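The block underneath contains the structure these notes are about, expressed in structure tokens.
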Amino acid sequence: MSEFNYRSNELYCENVKVSSIVKAVGTPSYIYSYKSLLSQFMKLKEAFAEIKPLICFAMKANDNLAVVKSLVDQGAGCDIVSGGELYKALAVKTDPKKIVYASVGKTEEEIKASLKAGILLFNVESLPELEEIERIAKKLGKKTKAALRINPDVKAATHDRITTGTLQKKFGIDLLTAHKILKNRKKYKYVDICGVHMHIGSQITSKNPFISAIKKVAAFIDELKVDGIGLEYFDIGGGFGIVYNQEDPFCVKDFAKAIIPILKKTGLKIIMEPGRFICGNSGILATKILYLKDNGVKKFLIVDSGMNDLVRPSMYDAYHEIVPLRKLTGRKEKMDIVGPICESGDYFAKDRQVNVSLKKGDFLAIMSAGAYGHVMSSNYNSRTRAVEVLVKGNKYFVVRERETFKDLIKGQRV
Ligand code: LLP
């Protein structure tokens, strides 16, 4: 059940009327439901209870400290991709032994910081990176664990820009190379290569590509066993899709049922890295209608959020449901819902049926904006980044202030 529902025609987040929040904090504003974050996390935890995986929240989806802390307090670890995410994960007291680090381009500083923090493992994406980690670990005199990110060459039905598991993409290591590295693993004295990792893409709503990829990697783990190479971890990545529009919901229970036997057979400790599944439907972007415009050919609803606030429609042609905070009845017409930025790609919806009685000053909620929303926002057009609010029961908390003009010139010199 979503935590964003209408009661007497007013949109609520948990027990708080969304319009009361936006009246107090202004728009654009990201609003998250604590209960929804936790219940999505628990859905995964319960479905996989039999194998007790380490669930590392993919911070790239939403790195707001309050959001991350809410999950960490429930036992989640963090999947990080940069020194900045490491810093934030540690700032909310994530157990370093629950942090995994993937990225094709880890810098020396980032590797050093992770070694010093004592993270659980690096998800290594190439041989040169492995050698760099070995070199730095030796210099620091700090041993570490690593998993090889396998590129299983499996195509998943999702947007090309968020597909990662084919050899046309920069991610991971092909099976042949991975096998060679593992055969030679004793050569690395400071990096214990004790796991395999995969992540085939994001917003994948069918369990089949995951099953194919997991089967492929499980077969690889078996091959390794034959060669006397035993491992400790299998990180199956993230990518579990959510409902934005009319997609069939990704059923975690069915997914778990299908893969648990394969995972159990590997005998390895399982890690997973969900991002969107936990926070995607747990947040909205609230915005205000500035103008209605009709050029004789098309009608436009111009709102006070732009592609700098939520880039997904512009970048991936992504669909986000858009609803008024006060539910309306009556006739609808096709309109484009657009932002104020000087780009034709600055839109949230094209030819969307919207209620004709919407007017200047009305508020809208852009739904399912909790993942890859605020984290991908920018200051383009010198626009300040939006405020973030976390709702808990009948209370709400500003968990990141709206940026000010002063923030826009911070560190600049003339
Ligand atoms: N693990 C790794 C190694 C990843 O690269 C990602 C996402 C995840 C886990 C989490 O995936 P999730 O469970 O959230 O699907 N900006 C795009 C999505 C990019 C995903 C990048 N990697 C969007 O707005 O759709």
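Scheme for the structure tokens: letters A, B, ... for chains in order shown; per-chain residue numbers from 1; ligand numbers from 1 in order shown.
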_Protein and nucleic residues near ligand 1, 7 Å, only C-alpha atoms and all ligand atoms, as a PyMOL selection string_ = chain A and resi 58+60-61+79+102+162+199+201-203+237-241+273-277+312+371-372
*asked:* I need the residues of region 55-293 of chain A that end up classed as strand (DSSP E) by DSSP on the backbone, written out as an MDAnalysis selection string.
replied: chainID A and resid 55:58 77:80 99:102 121:124 144:149 191:197 233:235 269:272 283:293
_Shell of 8 Å around region 181-186 of chain A, only C-alpha atoms, local chain residues under 6 positions omitted, as a list in words_ =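 Here the qualifying residues turn out to be Leu127, Asp192, Ile193, Asp227 and Ile229 of chain A.
Taking only C-alpha atoms, the non-local environment of Lys17 (chain A) within 12 Å (same-chain residues fewer than 3 positions away omitted) comprises Glu3, Phe4, Asn5, Tyr6, Arg7, Ser8, Asn9, Glu10, Leu11, Tyr12, Cys13, Glu14, Ser20, Ile21, Val22, Lys23, Ala24, Ile31, Leu325, Arg326, Val391, Gly393, Asn394, Lys395 and Tyr396 of chain A.
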_Of the listed residues A:Lys299, A:Arg383, A:Lys264, A:Lys293, that which approaches Lys406 (chain A) most closely, counting only C-alpha atoms_ =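 The answer is A:Arg383, which sits nearest to Lys406 (chain A).
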*asked:* My list of candidates is A:Ser212, A:Asn151, A:Asn308, A:Thr164. Which is closest to Ala386 (chain A) when distances are computed with only C-alpha atoms?
replied: A:Asn308
_Using only C-alpha atoms: which of A:Lys298, A:His374, A:Lys257, A:Lys215 has the shortest distance to Leu285 (chain A)_ =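 The closest residue to Leu285 (chain A) is A:His374.
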_alpha helix (DSSP H) positions in region 211-276 of chain A, given as an NGL selection string_ = :A and (211-226 or 252-266 or 276)
Residues of the last selection are to be written out with N, CA, C and O atoms, as a CSV table (one decimal), in the first residue's frame.
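That gives us again_17.csv:
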chain,number,residue,atom,x,y,z
A,211,ILE,N,17.1,-13.9,-13.1
A,211,ILE,CA,17.3,-15.4,-12.9
A,211,ILE,C,18.4,-15.8,-13.9
A,211,ILE,O,19.3,-16.6,-13.5
A,212,SER,N,18.3,-15.4,-15.2
A,212,SER,CA,19.3,-15.8,-16.2
A,212,SER,C,20.7,-15.4,-15.7
A,212,SER,O,21.6,-16.3,-15.8
A,213,ALA,N,20.9,-14.2,-15.3
A,213,ALA,CA,22.2,-13.7,-14.9
A,213,ALA,C,22.7,-14.5,-13.6
A,213,ALA,O,23.9,-14.9,-13.6
A,214,ILE,N,21.8,-14.6,-12.7
A,214,ILE,CA,22.2,-15.3,-11.4
A,214,ILE,C,22.6,-16.8,-11.7
A,214,ILE,O,23.6,-17.3,-11.2
A,215,LYS,N,21.8,-17.4,-12.7
A,215,LYS,CA,22.2,-18.8,-13.0
A,215,LYS,C,23.6,-18.8,-13.7
A,215,LYS,O,24.4,-19.7,-13.4
A,216,LYS,N,23.8,-17.8,-14.5
A,216,LYS,CA,25.1,-17.8,-15.2
A,216,LYS,C,26.3,-17.6,-14.2
A,216,LYS,O,27.3,-18.3,-14.3
A,217,VAL,N,26.1,-16.7,-13.3
A,217,VAL,CA,27.1,-16.5,-12.3
A,217,VAL,C,27.3,-17.7,-11.4
A,217,VAL,O,28.4,-18.1,-11.0
A,218,ALA,N,26.1,-18.3,-11.0
A,218,ALA,CA,26.2,-19.5,-10.2
A,218,ALA,C,26.9,-20.6,-10.9
A,218,ALA,O,27.7,-21.4,-10.2
A,219,ALA,N,26.7,-20.8,-12.2
A,219,ALA,CA,27.5,-21.8,-12.9
A,219,ALA,C,29.0,-21.5,-12.9
A,219,ALA,O,29.8,-22.4,-12.8
A,220,PHE,N,29.3,-20.2,-13.0
A,220,PHE,CA,30.7,-19.8,-12.9
A,220,PHE,C,31.3,-20.1,-11.5
A,220,PHE,O,32.4,-20.6,-11.4
A,221,ILE,N,30.5,-19.9,-10.5
A,221,ILE,CA,30.9,-20.2,-9.1
A,221,ILE,C,31.2,-21.8,-9.0
A,221,ILE,O,32.2,-22.2,-8.4
A,222,ASP,N,30.4,-22.6,-9.7
A,222,ASP,CA,30.6,-24.0,-9.7
A,222,ASP,C,31.9,-24.4,-10.4
A,222,ASP,O,32.6,-25.2,-9.9
A,223,GLU,N,32.1,-23.7,-11.5
A,223,GLU,CA,33.3,-23.9,-12.3
A,223,GLU,C,34.6,-23.6,-11.5
A,223,GLU,O,35.6,-24.4,-11.5
A,224,LEU,N,34.5,-22.5,-10.7
A,224,LEU,CA,35.6,-22.2,-9.8
A,224,LEU,C,35.9,-23.2,-8.8
A,224,LEU,O,37.0,-23.6,-8.5
A,225,LYS,N,34.8,-23.8,-8.3
A,225,LYS,CA,34.9,-24.8,-7.2
A,225,LYS,C,35.7,-26.0,-7.8
A,225,LYS,O,36.6,-26.5,-7.1
A,226,VAL,N,35.4,-26.3,-9.0
A,226,VAL,CA,36.1,-27.5,-9.7
A,226,VAL,C,37.6,-27.2,-9.7
A,226,VAL,O,38.5,-28.0,-9.5
A,252,VAL,N,8.5,-9.4,-5.2
A,252,VAL,CA,9.7,-9.9,-4.5
A,252,VAL,C,9.6,-11.3,-4.0
A,252,VAL,O,10.6,-12.0,-4.0
A,253,LYS,N,8.4,-11.7,-3.6
A,253,LYS,CA,8.2,-13.0,-3.0
A,253,LYS,C,8.4,-14.1,-4.1
A,253,LYS,O,9.1,-15.0,-3.9
A,254,ASP,N,7.9,-13.8,-5.3
A,254,ASP,CA,8.1,-14.8,-6.4
A,254,ASP,C,9.6,-14.8,-6.8
A,254,ASP,O,10.1,-15.8,-7.1
A,255,PHE,N,10.2,-13.6,-6.8
A,255,PHE,CA,11.6,-13.5,-7.2
A,255,PHE,C,12.4,-14.3,-6.2
A,255,PHE,O,13.3,-15.1,-6.6
A,256,ALA,N,12.1,-14.1,-4.9
A,256,ALA,CA,12.9,-14.8,-3.9
A,256,ALA,C,12.7,-16.3,-4.0
A,256,ALA,O,13.7,-17.1,-3.9
A,257,LYS,N,11.5,-16.7,-4.3
A,257,LYS,CA,11.2,-18.1,-4.4
A,257,LYS,C,12.0,-18.7,-5.6
A,257,LYS,O,12.5,-19.9,-5.4
A,258,ALA,N,12.1,-18.0,-6.6
A,258,ALA,CA,12.8,-18.5,-7.8
A,258,ALA,C,14.3,-18.6,-7.6
A,258,ALA,O,15.0,-19.5,-8.1
A,259,ILE,N,14.9,-17.6,-6.9
A,259,ILE,CA,16.4,-17.6,-6.8
A,259,ILE,C,17.0,-18.1,-5.5
A,259,ILE,O,18.1,-18.5,-5.5
A,260,ILE,N,16.2,-18.2,-4.5
A,260,ILE,CA,16.7,-18.7,-3.2
A,260,ILE,C,17.4,-20.1,-3.4
A,260,ILE,O,18.5,-20.3,-3.0
A,261,PRO,N,16.7,-21.1,-4.1
A,261,PRO,CA,17.4,-22.4,-4.3
A,261,PRO,C,18.7,-22.3,-5.0
A,261,PRO,O,19.7,-22.9,-4.6
A,262,ILE,N,18.8,-21.4,-6.0
A,262,ILE,CA,20.1,-21.2,-6.7
A,262,ILE,C,21.1,-20.6,-5.8
A,262,ILE,O,22.3,-21.0,-5.8
A,263,LEU,N,20.7,-19.6,-5.1
A,263,LEU,CA,21.7,-18.9,-4.2
A,263,LEU,C,22.2,-19.9,-3.1
A,263,LEU,O,23.3,-19.9,-2.7
A,264,LYS,N,21.2,-20.7,-2.5
A,264,LYS,CA,21.6,-21.6,-1.4
A,264,LYS,C,22.6,-22.6,-1.9
A,264,LYS,O,23.6,-22.9,-1.2
A,265,LYS,N,22.4,-23.0,-3.2
A,265,LYS,CA,23.3,-24.0,-3.7
A,265,LYS,C,24.8,-23.5,-3.8
A,265,LYS,O,25.7,-24.3,-3.7
A,266,THR,N,24.9,-22.2,-4.0
A,266,THR,CA,26.3,-21.7,-4.1
A,266,THR,C,27.0,-21.8,-2.8
A,266,THR,O,28.2,-21.8,-2.7
A,276,ARG,N,16.2,1.9,-5.9
A,276,ARG,CA,14.9,2.3,-6.3
A,276,ARG,C,13.8,1.6,-5.6
A,276,ARG,O,12.7,2.2,-5.2
*asked:* Using only C-alpha atoms for the distances, tell me which of A:Cys194, A:Phe41, A:Leu358, A:Asn208 is nearest to Arg331 (chain A).
replied: A:Leu358
*Closest of A:Glu129, A:Glu403, A:Asp351, A:Asp174 to Gly105 (chain A) - atom-to-atom distances counting only C-alpha atoms*: A:Glu129
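From CA of Ile270 (chain A) back to CA of Gly141 (chain A), the distance works out to 28.1 Å.
Counting only C-alpha atoms, Lys269 (chain A) has the following residues at most 8 Å away, ignoring those fewer than 4 positions along the same chain: Pro53, Glu232, Tyr233 and Phe234 of chain A.
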_One decimal, in Å: what's the spacing between CA of Lys98 (chain A) and CA of Asn123 (chain A)?_
13.0 Å
*What does the distance between CA of Asp63 (chain A) and CA of Ser206 (chain A) come to in Å, to one decimal place?*
26.2 Å
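Using only C-alpha atoms, the residues found no farther than 8 Å from Ser2 (chain A), other than those of its own chain fewer than 6 positions away, are Ser36, Asn281 and Ser282 of chain A.
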_Neighbouring residues of Ile111 (chain A) were defined as those with any atom within 9 Å, considering only C-alpha atoms; residues of the same chain fewer than 3 positions away were excluded. Please report them as number ranges by chain._
A: 83, 106-108, 114-116, 122, 132-133, 136-137
